[in-house]
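Engineer: Before anything else, here's the structure in question.
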Amino acid sequence: MLEVQSLTKYYGKSMAIEDISFSVGRGEIVGLLGHNGSGKSTTMGIMTGCLAASSGQVLIDGADIATAPEQAKGKLGYLPEIPPVYPDMTVEEQLTFASRLRAIPAADCPDAVDDACRKLNITGVRHRLIENLSKGYRQRVGFAQAILGNPPLIILDEPTVGMDPGQIIELRNVISELGKERTIILSSHILSEITAVCSRIIILSNGHLVADDTPERLLHAGDSASRIYLCTSALPKILLPRLAHECGLWNVESCGSVLEGRWDYILSPDDESLFYQKLPLLIQEAGASIYVLKPLEQGLEQVFLQLTQDRRHKEASHESNLS
């Protein structure tokens with residue numbers, strides 16, 4: 001359904017994305033993740049025809065978004081992070097207007113609007129002005145607008161912004177139902193939202209694609225994402241520099257005093273076996289004690305952090321070497 005082929009985008013001399021390629025089949029729900037500045041927004045802008053690529057192609061069901069935009073966009077529904085709605089229109093007026101823009105025949109517009117309102121549970125507010133709706137309901141109107149005419153590809157950028165927990169769960173169910181028949185690309189900073197509905201995750205970092213796999217495989221991608229919980233009487237200013245020097249620490253997730261004379265650490269060592277080998281000696285040399293030491297189950301947050309930090313570190317090292 002969606003083919004992204006060697007996408008590259010420059011803003012002047014600045015590279016935003018480089019050689020990004022992936023494909024998404026019919027009926028897939030795919031999460032698109034990336035830190036701020038990763039190139040995620042640029043990629044989504046090109047996929048939806050809002051930006052032109054410097055090179056590369058985006059094909060929607062075989063139609064090139066750049067050379068055959070009407071054909072490609074006719075199969076695409078898009079909800080940007082800020083819904084493109086007119087505040088002085090009612091919900092029904094907005095959706096009717098959007099239906100006509102999508103070239104839905106006038107006689108079919110009422111049914112299309114009814115269907116979208118029902119799926120997004122906004123029938124009760126369809127006669128209210130959009131400016132009087134909460135942010136969560138505005139998101140629903142934008143989502144309803146994106147599915148008018150039943151496009152086979154739906155791209156959603158932060159669809160649950162401004163929603164309460166109940167609304168978020170409800171919208172996840174909507175996405176899951178739509179994903180049974182349509183292809184969905186979902187971008188979100190809420191990683192639990194991604195894992196709840198997506199069967200596959202694509203991660204961008206510094207303009208490059210760094211991962212494309214199922215959540216389960218990403219979570220078991222290697223030992224380097226190990227997280228270890230340590231409770232000890234050793235002070236951070238003494239322990240952390242020694243650990244970093246002896247076995248390396250790619251991340252210190254948290255570090256704080258929980259009780260007088262006791263410190264909690266969540267650590268990710270570069271070399272886990274070396275960490276367990278060196279830690280007792282370092283604690284002994286510090287005249288301290290270990291109260292708790294145990295591995296923690298890693299989550300998608302840690303995988304995401306590792307992949308994006310690794311890429312940033314490599315880019316920073318490369319730039320430093322060049323200078």
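Here's how to read the names in the structure tokens: chain A, B, ... by the order shown, residue numbers from 1 in each chain, ligand numbers from 1 in the order shown.
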Quick one: residues within 6 Å of stretch 232-237 of chain A, only C-alpha atoms, excluding same-chain residues fewer than 5 positions away - as a list in words?

Structural biologist: Gly261, Arg262, Trp263, Ala288, Ser289, Ile290 and Tyr291 of chain A

Engineer: Could you save those same residues with N, CA, C and O atoms as a short mmCIF file (atom, residue, chain, number, x, y, z; two decimals), in the first residue's frame?

Structural biologist:
```
data_model
loop_
_atom_site.label_atom_id
_atom_site.label_comp_id
_atom_site.auth_asym_id
_atom_site.auth_seq_id
_atom_site.Cartn_x
_atom_site.Cartn_y
_atom_site.Cartn_z
N GLY A 261 21.53 7.66 53.81
CA GLY A 261 22.63 6.73 53.64
C GLY A 261 22.41 5.69 52.57
O GLY A 261 23.25 4.80 52.39
N ARG A 262 21.29 5.76 51.82
CA ARG A 262 21.02 4.79 50.76
C ARG A 262 20.67 5.52 49.46
O ARG A 262 19.90 6.48 49.48
N TRP A 263 21.22 5.00 48.37
CA TRP A 263 20.99 5.60 47.06
C TRP A 263 20.44 4.57 46.08
O TRP A 263 20.88 3.43 46.08
N ALA A 288 31.40 0.96 51.13
CA ALA A 288 29.93 0.99 51.10
C ALA A 288 29.38 -0.44 51.07
O ALA A 288 30.11 -1.42 51.05
N SER A 289 28.04 -0.52 51.07
CA SER A 289 27.35 -1.81 51.05
C SER A 289 26.33 -1.83 49.93
O SER A 289 25.80 -0.79 49.51
N ILE A 290 26.02 -3.03 49.44
CA ILE A 290 24.95 -3.23 48.45
C ILE A 290 23.73 -3.78 49.18
O ILE A 290 23.81 -4.79 49.87
N TYR A 291 22.58 -3.10 49.00
CA TYR A 291 21.35 -3.56 49.64
C TYR A 291 20.46 -4.33 48.65
O TYR A 291 19.84 -5.33 49.02
#
```

Engineer: Just want the 10 Å neighbourhood of A:Leu243, counted on only C-alpha atoms, with same-chain residues fewer than 2 positions away dropped. Output as a short mmCIF file (atom, residue, chain, number, x, y, z; two decimals) with all heavy atoms, in the first residue's frame.

Structural biologist:
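Contents of out.cif, freshly written:
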```
data_model
loop_
_atom_site.label_atom_id
_atom_site.label_comp_id
_atom_site.auth_asym_id
_atom_site.auth_seq_id
_atom_site.Cartn_x
_atom_site.Cartn_y
_atom_site.Cartn_z
N ILE A 238 31.05 9.38 43.88
CA ILE A 238 32.16 8.44 43.99
C ILE A 238 31.96 7.24 43.06
O ILE A 238 32.86 6.84 42.33
CB ILE A 238 32.31 7.95 45.45
CG1 ILE A 238 32.69 9.12 46.37
CG2 ILE A 238 33.35 6.84 45.55
CD1 ILE A 238 32.73 8.76 47.83
N LEU A 239 30.74 6.68 43.06
CA LEU A 239 30.48 5.43 42.34
C LEU A 239 30.39 5.61 40.83
O LEU A 239 30.99 4.84 40.07
CB LEU A 239 29.20 4.78 42.87
CG LEU A 239 28.81 3.44 42.23
CD1 LEU A 239 29.88 2.40 42.49
CD2 LEU A 239 27.46 2.97 42.76
N LEU A 240 29.62 6.59 40.37
CA LEU A 240 29.35 6.70 38.95
C LEU A 240 30.60 6.93 38.10
O LEU A 240 30.77 6.29 37.04
CB LEU A 240 28.31 7.79 38.68
CG LEU A 240 26.90 7.49 39.21
CD1 LEU A 240 25.95 8.65 38.91
CD2 LEU A 240 26.35 6.20 38.63
N PRO A 241 31.52 7.82 38.50
CA PRO A 241 32.74 7.97 37.69
C PRO A 241 33.56 6.69 37.62
O PRO A 241 34.13 6.37 36.57
CB PRO A 241 33.50 9.09 38.42
CG PRO A 241 32.46 9.85 39.16
CD PRO A 241 31.46 8.83 39.59
N HIS A 245 34.32 4.54 34.22
CA HIS A 245 35.70 4.29 33.82
C HIS A 245 35.99 2.79 33.67
O HIS A 245 36.66 2.36 32.72
CB HIS A 245 36.66 4.90 34.84
CG HIS A 245 38.11 4.60 34.58
ND1 HIS A 245 38.80 5.17 33.54
CD2 HIS A 245 38.98 3.76 35.22
CE1 HIS A 245 40.04 4.70 33.54
NE2 HIS A 245 40.18 3.85 34.54
N GLU A 246 35.46 1.98 34.57
CA GLU A 246 35.80 0.56 34.61
C GLU A 246 35.02 -0.27 33.60
O GLU A 246 35.56 -1.20 33.00
CB GLU A 246 35.56 0.00 36.02
CG GLU A 246 36.48 0.57 37.09
CD GLU A 246 37.91 0.09 36.95
OE1 GLU A 246 38.13 -0.93 36.26
OE2 GLU A 246 38.81 0.73 37.53
N CYS A 247 33.72 0.02 33.42
CA CYS A 247 32.92 -0.84 32.53
C CYS A 247 32.01 -0.07 31.59
O CYS A 247 31.31 -0.68 30.78
CB CYS A 247 32.11 -1.84 33.36
SG CYS A 247 31.03 -1.08 34.58
N GLY A 248 32.00 1.26 31.68
CA GLY A 248 31.19 2.06 30.77
C GLY A 248 29.72 2.11 31.17
O GLY A 248 29.16 1.11 31.62
N LEU A 249 29.11 3.28 31.04
CA LEU A 249 27.68 3.45 31.29
C LEU A 249 27.11 4.26 30.13
O LEU A 249 27.47 5.42 29.95
CB LEU A 249 27.44 4.21 32.61
CG LEU A 249 27.81 3.50 33.92
CD1 LEU A 249 27.66 4.47 35.09
CD2 LEU A 249 26.94 2.28 34.15
N LEU A 267 20.80 1.72 36.08
CA LEU A 267 21.99 1.87 35.26
C LEU A 267 21.92 0.97 34.02
O LEU A 267 21.34 -0.12 34.06
CB LEU A 267 23.25 1.49 36.06
CG LEU A 267 23.41 2.17 37.42
CD1 LEU A 267 24.55 1.52 38.20
CD2 LEU A 267 23.66 3.66 37.24
N PRO A 269 24.83 -0.48 31.74
CA PRO A 269 26.27 -0.56 31.46
C PRO A 269 26.55 -0.97 30.02
O PRO A 269 25.74 -1.65 29.39
CB PRO A 269 26.74 -1.65 32.43
CG PRO A 269 25.55 -2.52 32.62
CD PRO A 269 24.35 -1.61 32.53
N LEU A 274 31.04 -7.38 32.70
CA LEU A 274 32.12 -6.64 33.36
C LEU A 274 31.59 -5.81 34.52
O LEU A 274 32.25 -5.67 35.56
CB LEU A 274 32.83 -5.76 32.34
CG LEU A 274 34.11 -5.05 32.81
CD1 LEU A 274 35.15 -6.08 33.24
CD2 LEU A 274 34.66 -4.14 31.71
N PHE A 275 30.37 -5.29 34.37
CA PHE A 275 29.74 -4.52 35.44
C PHE A 275 29.58 -5.37 36.70
O PHE A 275 29.96 -4.95 37.80
CB PHE A 275 28.38 -4.01 34.97
CG PHE A 275 27.55 -3.36 36.04
CD1 PHE A 275 27.69 -2.02 36.34
CD2 PHE A 275 26.60 -4.10 36.75
CE1 PHE A 275 26.92 -1.41 37.32
CE2 PHE A 275 25.83 -3.51 37.74
CZ PHE A 275 25.99 -2.17 38.02
N LYS A 278 33.03 -6.01 38.27
CA LYS A 278 33.74 -4.89 38.88
C LYS A 278 32.99 -4.27 40.06
O LYS A 278 33.61 -3.69 40.96
CB LYS A 278 33.97 -3.80 37.82
CG LYS A 278 34.91 -4.20 36.69
CD LYS A 278 36.35 -4.22 37.17
CE LYS A 278 37.31 -4.44 36.01
NZ LYS A 278 38.72 -4.42 36.46
N LEU A 279 31.65 -4.35 40.06
CA LEU A 279 30.86 -3.64 41.06
C LEU A 279 31.24 -4.00 42.50
O LEU A 279 31.44 -3.08 43.32
CB LEU A 279 29.37 -3.88 40.81
CG LEU A 279 28.43 -3.20 41.81
CD1 LEU A 279 28.52 -1.69 41.69
CD2 LEU A 279 26.99 -3.67 41.59
N LEU A 282 34.43 -2.23 43.56
CA LEU A 282 34.26 -0.78 43.64
C LEU A 282 33.48 -0.38 44.88
O LEU A 282 33.79 0.62 45.54
CB LEU A 282 33.55 -0.25 42.38
CG LEU A 282 34.31 -0.41 41.06
CD1 LEU A 282 33.47 0.11 39.90
CD2 LEU A 282 35.64 0.33 41.11
#
```

Engineer: I need the residues in stretch 1-40 of chain A that are strand (DSSP E) according to DSSP; give them as a list in words.

Structural biologist: Leu2, Glu3, Val4, Gln5, Ser6, Leu7, Thr8, Lys9, Tyr10, Tyr11, Ser14, Met15, Ala16, Ile17, Glu18, Asp19, Ile20, Ser21, Phe22, Ser23, Val24, Ile29, Val30, Gly31, Leu32, Leu33 and Gly34 of chain A

Engineer: Just checking: using only C-alpha atoms, which residue out of A:Pro87, A:Gly12, A:Gly77, A:Gly31 ends up closest to A:Pro151?

Structural biologist: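 Checking each candidate against A:Pro151, we get A:Gly77 as the closest.
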
Engineer: Which residues are close to stretch 173-187 of chain A, i.e. within 6 Å by only C-alpha atoms, leaving aside same-chain residues fewer than 4 positions away? Reply as a list in words.

Structural biologist: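 So, after excluding close chain neighbours, the residues are Arg26, Gly27, Glu28, Ile29, Val30, Gly31, Leu32, Pro152, Leu153, Ile154, Ile155, Leu156, Asp157 and Glu158 of chain A.
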
Engineer: Show which residues sit within 12 Å of A:Gln94, as a PyMOL selection string. Count only C-alpha atoms, and ignore same-chain residues fewer than 3 positions away.

Structural biologist: chain A and resi 83-91+97-101+109+113+116-117+126-131+138+141-142+144-146+148

Engineer: For atom CA of A:Lys9 and atom CA of A:Ser55, determine how far apart the two atoms are, in Å to one decimal place.

Structural biologist: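 It comes out at 6.8 Å.
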
Engineer: Can you list, as a ChimeraX atom specification, every residue of stretch 193-303 of chain A that DSSP puts in alpha helix (DSSP H)?

Structural biologist: /A:193-197,215-219,236-246,272-285,300-303

Engineer: Output C-alpha atoms for every residue in the selection just made, as an mmCIF file, in the first residue's frame.

Structural biologist:
```cif
data_model
loop_
_atom_site.group_PDB
_atom_site.id
_atom_site.type_symbol
_atom_site.label_atom_id
_atom_site.label_comp_id
_atom_site.auth_asym_id
_atom_site.auth_seq_id
_atom_site.Cartn_x
_atom_site.Cartn_y
_atom_site.Cartn_z
ATOM 1 C CA GLU A 193 0.154 3.870 22.782
ATOM 2 C CA ILE A 194 2.410 2.534 20.030
ATOM 3 C CA THR A 195 2.868 -0.879 21.647
ATOM 4 C CA ALA A 196 -0.874 -1.137 22.343
ATOM 5 C CA VAL A 197 -1.959 -0.967 18.696
ATOM 6 C CA PRO A 215 7.832 -4.550 19.234
ATOM 7 C CA GLU A 216 8.686 -8.039 20.517
ATOM 8 C CA ARG A 217 11.851 -8.312 18.444
ATOM 9 C CA LEU A 218 12.951 -4.804 19.348
ATOM 10 C CA LEU A 219 12.564 -5.615 23.040
ATOM 11 C CA PRO A 236 26.927 8.948 43.195
ATOM 12 C CA LYS A 237 29.895 11.306 42.960
ATOM 13 C CA ILE A 238 32.159 8.438 43.994
ATOM 14 C CA LEU A 239 30.480 5.430 42.344
ATOM 15 C CA LEU A 240 29.351 6.702 38.946
ATOM 16 C CA PRO A 241 32.741 7.974 37.693
ATOM 17 C CA ARG A 242 34.386 4.694 38.741
ATOM 18 C CA LEU A 243 31.713 2.589 37.020
ATOM 19 C CA ALA A 244 31.920 4.700 33.861
ATOM 20 C CA HIS A 245 35.703 4.293 33.815
ATOM 21 C CA GLU A 246 35.802 0.562 34.611
ATOM 22 C CA GLU A 272 26.949 -6.138 31.684
ATOM 23 C CA SER A 273 29.253 -9.028 32.620
ATOM 24 C CA LEU A 274 32.118 -6.645 33.358
ATOM 25 C CA PHE A 275 29.740 -4.520 35.442
ATOM 26 C CA TYR A 276 28.820 -7.445 37.701
ATOM 27 C CA GLN A 277 32.494 -8.370 37.948
ATOM 28 C CA LYS A 278 33.737 -4.889 38.878
ATOM 29 C CA LEU A 279 30.863 -3.637 41.061
ATOM 30 C CA PRO A 280 31.651 -5.577 44.303
ATOM 31 C CA LEU A 281 35.256 -4.389 44.295
ATOM 32 C CA LEU A 282 34.258 -0.780 43.635
ATOM 33 C CA ILE A 283 31.673 -0.888 46.420
ATOM 34 C CA GLN A 284 34.242 -2.388 48.785
ATOM 35 C CA GLU A 285 36.819 0.270 47.891
ATOM 36 C CA LEU A 300 10.304 0.043 24.541
ATOM 37 C CA GLU A 301 11.351 3.343 26.127
ATOM 38 C CA GLN A 302 14.802 1.934 26.856
ATOM 39 C CA VAL A 303 15.149 0.425 23.374
#
```

Engineer: Which residue, A:Met163, A:Ala66, A:Leu307, A:Ala112, has the smallest gap to A:Val210 when you use only C-alpha atoms?

Structural biologist: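 Using only C-alpha atoms, A:Val210 sits closest to A:Leu307.
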
Engineer: Which residues are near A:Lys73? Cut-off 12 Å, only C-alpha atoms, ignore same chain within fewer than 5 positions. Put them as a VMD selection string.

Structural biologist: chain A and resid 2 46 to 50 58 to 68 78 101 to 103 146 149 151 to 155

Engineer: Could the residues in this selection be written to a file with C-alpha atoms, as an mmCIF file, in the first residue's frame?

Structural biologist:
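Written out: out.cif:
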```cif
data_model
loop_
_atom_site.group_PDB
_atom_site.id
_atom_site.type_symbol
_atom_site.label_atom_id
_atom_site.label_comp_id
_atom_site.auth_asym_id
_atom_site.auth_seq_id
_atom_site.Cartn_x
_atom_site.Cartn_y
_atom_site.Cartn_z
ATOM 1 C CA LEU A 2 2.798 2.454 0.930
ATOM 2 C CA ILE A 46 6.716 14.122 2.280
ATOM 3 C CA MET A 47 4.534 10.996 2.622
ATOM 4 C CA THR A 48 1.402 13.168 2.708
ATOM 5 C CA GLY A 49 2.458 15.466 -0.131
ATOM 6 C CA CYS A 50 2.867 18.519 2.109
ATOM 7 C CA VAL A 58 6.608 7.874 -2.086
ATOM 8 C CA LEU A 59 4.122 5.533 -3.749
ATOM 9 C CA ILE A 60 0.592 5.090 -2.415
ATOM 10 C CA ASP A 61 -0.981 2.008 -3.963
ATOM 11 C CA GLY A 62 1.382 2.512 -6.913
ATOM 12 C CA ALA A 63 0.682 6.235 -7.385
ATOM 13 C CA ASP A 64 3.599 8.659 -6.908
ATOM 14 C CA ILE A 65 2.678 11.390 -4.415
ATOM 15 C CA ALA A 66 4.843 13.885 -6.354
ATOM 16 C CA THR A 67 3.932 13.126 -9.977
ATOM 17 C CA ALA A 68 0.357 11.855 -9.506
ATOM 18 C CA TYR A 78 -4.210 12.500 7.147
ATOM 19 C CA LEU A 101 -13.108 18.501 -0.923
ATOM 20 C CA ARG A 102 -12.561 14.740 -1.084
ATOM 21 C CA ALA A 103 -14.857 14.656 -4.124
ATOM 22 C CA ALA A 146 -9.235 11.887 7.916
ATOM 23 C CA GLY A 149 -14.568 8.377 2.129
ATOM 24 C CA PRO A 151 -9.313 5.938 2.340
ATOM 25 C CA PRO A 152 -7.184 2.759 2.374
ATOM 26 C CA LEU A 153 -4.195 4.574 3.962
ATOM 27 C CA ILE A 154 -4.510 6.689 7.115
ATOM 28 C CA ILE A 155 -1.605 8.686 8.594
#
```

Engineer: With distances taken over only C-alpha atoms, which residue among A:Ala53, A:Thr123, A:Leu95, A:Ile202 lies nearest A:Pro110?

Structural biologist: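 Looking only at the distances to A:Pro110, the closest residue turns out to be A:Leu95.
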
Engineer: With distances taken over only C-alpha atoms, which of A:Ile82, A:Leu209, A:Ile266, A:Leu33 is nearest to A:Pro159?

Structural biologist: A:Ile82
